[in-house]
Amino acid sequence: SDWATLTSRAMPSKRARERADTDADADDAVADDIDDIDDADDDDLDAPYIAAASSSAPEPKKNTALDAAALERARKDFARRGVVYLGNLPPFMKPMKLRQLLNAYGATDRMYLTPEDAKIRAKRKKFGGNTGKKFVEGWVEFRDKKHAKRCAEMLHGREVGGKRRSAHYYDLWNIRYLPKFKWDNLTEEMEYQKALREKKLALELSVAKKERDFYLAKMDQAKAIAAMTERRAKRRADDGAVDGETDKEALARYQREKEAEEKSERKKILRTFKQKAVTNPELVDPTKKLATMDLLKSIFTS
């Protein structure tokens, strides 16, 4: 009886179970409704976002045109700039080091350094020389031409200086200020030199093409002449062919006869000299028709 009482207390009644099942079904239905509402809300949010993104007009471009004041400032800045020319740079000085040294006399902007010939550098590296990159000349633009002029006057002909252990301590500056010279003049000269190189290269290619065409034409002409000669030789061999001799044998016979004729012609061209007779026949080997060993001994041992 005690066990039954405990069991009946632990297990819920039938009505309680039915009520719990009804509440669970209601909770599931509410959860499904909430999920449907969330899905609908998500669909509603996605559609306007995509439509807004697709139908939105592009942002208007900013007006990058300069006004009159800005153009005047740019014109004045361009007129204020100055360029110096470096006729001979310290050997193997790097561009960053050069800019650091020149910035002490004024703000620098653009810089162009001409490297040395690649063949000279390759030859130096081949024989164990310095593998660094060397520049032969350069141009440096200062933001203020007064600073550029002052820099050229102060540095030209002077030592680079710095620390005594520096590799460029005893090198001399070779720097000149270029009056009425702007960076555009340098770029124009570079473009002109580039166009000149391209024109020269095109001319060289044209000459090489003409030489190639001439060589190929001569090759074809030589082949045609060789074929004509072979046909003529074959025809001549056919005319003088003996009974039972094939064309190949007749052509070989013609070539032998031609070689013999050329050899006789060469003999006529070569000069011959009459040899004196040997006074003592005992000193001549009759088998080899050469001097004997006794004659050689008499010459070199006397």
# chains A, B, ... in the order shown; residues from 1 in each chain; ligands from 1
$ residues_around --residues "A:Ala148" --least-positions-apart "3" --cutoff "12 Å" --atoms "only C-alpha atoms" --output "PyMOL selection string"
chain A and resi 80-86+102-109+139-145+151-156+175-179+181
$ residues_around --residues "A:Val160" --least-positions-apart "6" --cutoff "7 Å" --atoms "only C-alpha atoms" --output "count of residues only"
6
$ atom_distance --atom1 "atom CA of A:Arg75" --atom2 "atom CA of A:Gln193"
27.4 Å
$ atom_distance --atom1 "atom CA of A:Gly87" --atom2 "atom CA of A:Gly138"
6.9 Å
$ atom_distance --atom1 "atom CA of A:Asn174" --atom2 "atom CA of A:Leu89"
7.2 Å
$ select_by_dssp --residues "stretch 59-239 of chain A" --states "strand (DSSP E or B)" --output "PyMOL selection string"
chain A and resi 82-86+108-115+135-142+159+172+175-178
$ write_last_selection --atoms "C-alpha atoms" --output "PDB file, in the first residue's frame"
ATOM      1  CA  GLY A  82      64.741  74.875 -60.198  1.00  0.00           C
ATOM      2  CA  VAL A  83      66.851  72.025 -61.566  1.00  0.00           C
ATOM      3  CA  VAL A  84      70.514  71.202 -60.942  1.00  0.00           C
ATOM      4  CA  TYR A  85      72.671  68.958 -63.118  1.00  0.00           C
ATOM      5  CA  LEU A  86      75.103  66.431 -61.687  1.00  0.00           C
ATOM      6  CA  THR A 108      64.032  68.313 -53.372  1.00  0.00           C
ATOM      7  CA  ASP A 109      61.266  66.787 -55.428  1.00  0.00           C
ATOM      8  CA  ARG A 110      61.939  64.754 -58.562  1.00  0.00           C
ATOM      9  CA  MET A 111      65.214  63.072 -59.414  1.00  0.00           C
ATOM     10  CA  TYR A 112      66.515  61.272 -62.476  1.00  0.00           C
ATOM     11  CA  LEU A 113      69.851  59.410 -62.519  1.00  0.00           C
ATOM     12  CA  THR A 114      71.324  57.822 -65.639  1.00  0.00           C
ATOM     13  CA  PRO A 115      72.768  54.354 -64.937  1.00  0.00           C
ATOM     14  CA  PHE A 135      75.197  56.289 -62.060  1.00  0.00           C
ATOM     15  CA  VAL A 136      77.038  58.517 -64.505  1.00  0.00           C
ATOM     16  CA  GLU A 137      74.911  61.696 -64.407  1.00  0.00           C
ATOM     17  CA  GLY A 138      71.678  63.007 -62.980  1.00  0.00           C
ATOM     18  CA  TRP A 139      69.163  65.811 -62.598  1.00  0.00           C
ATOM     19  CA  VAL A 140      67.557  66.886 -59.336  1.00  0.00           C
ATOM     20  CA  GLU A 141      64.600  69.256 -59.018  1.00  0.00           C
ATOM     21  CA  PHE A 142      64.386  71.648 -56.076  1.00  0.00           C
ATOM     22  CA  GLU A 159      84.440  67.295 -51.155  1.00  0.00           C
ATOM     23  CA  LEU A 172      84.225  65.926 -55.348  1.00  0.00           C
ATOM     24  CA  ILE A 175      77.001  70.104 -59.782  1.00  0.00           C
ATOM     25  CA  ARG A 176      75.652  73.003 -61.841  1.00  0.00           C
ATOM     26  CA  TYR A 177      72.485  75.036 -61.660  1.00  0.00           C
ATOM     27  CA  LEU A 178      70.522  75.139 -64.941  1.00  0.00           C
TER      28      LEU A 178
END
$ closest_residue --among "A:Lys182, A:Arg235, A:Lys209, A:Lys194" --to "A:Ala79" --atoms "only C-alpha atoms"
A:Lys182
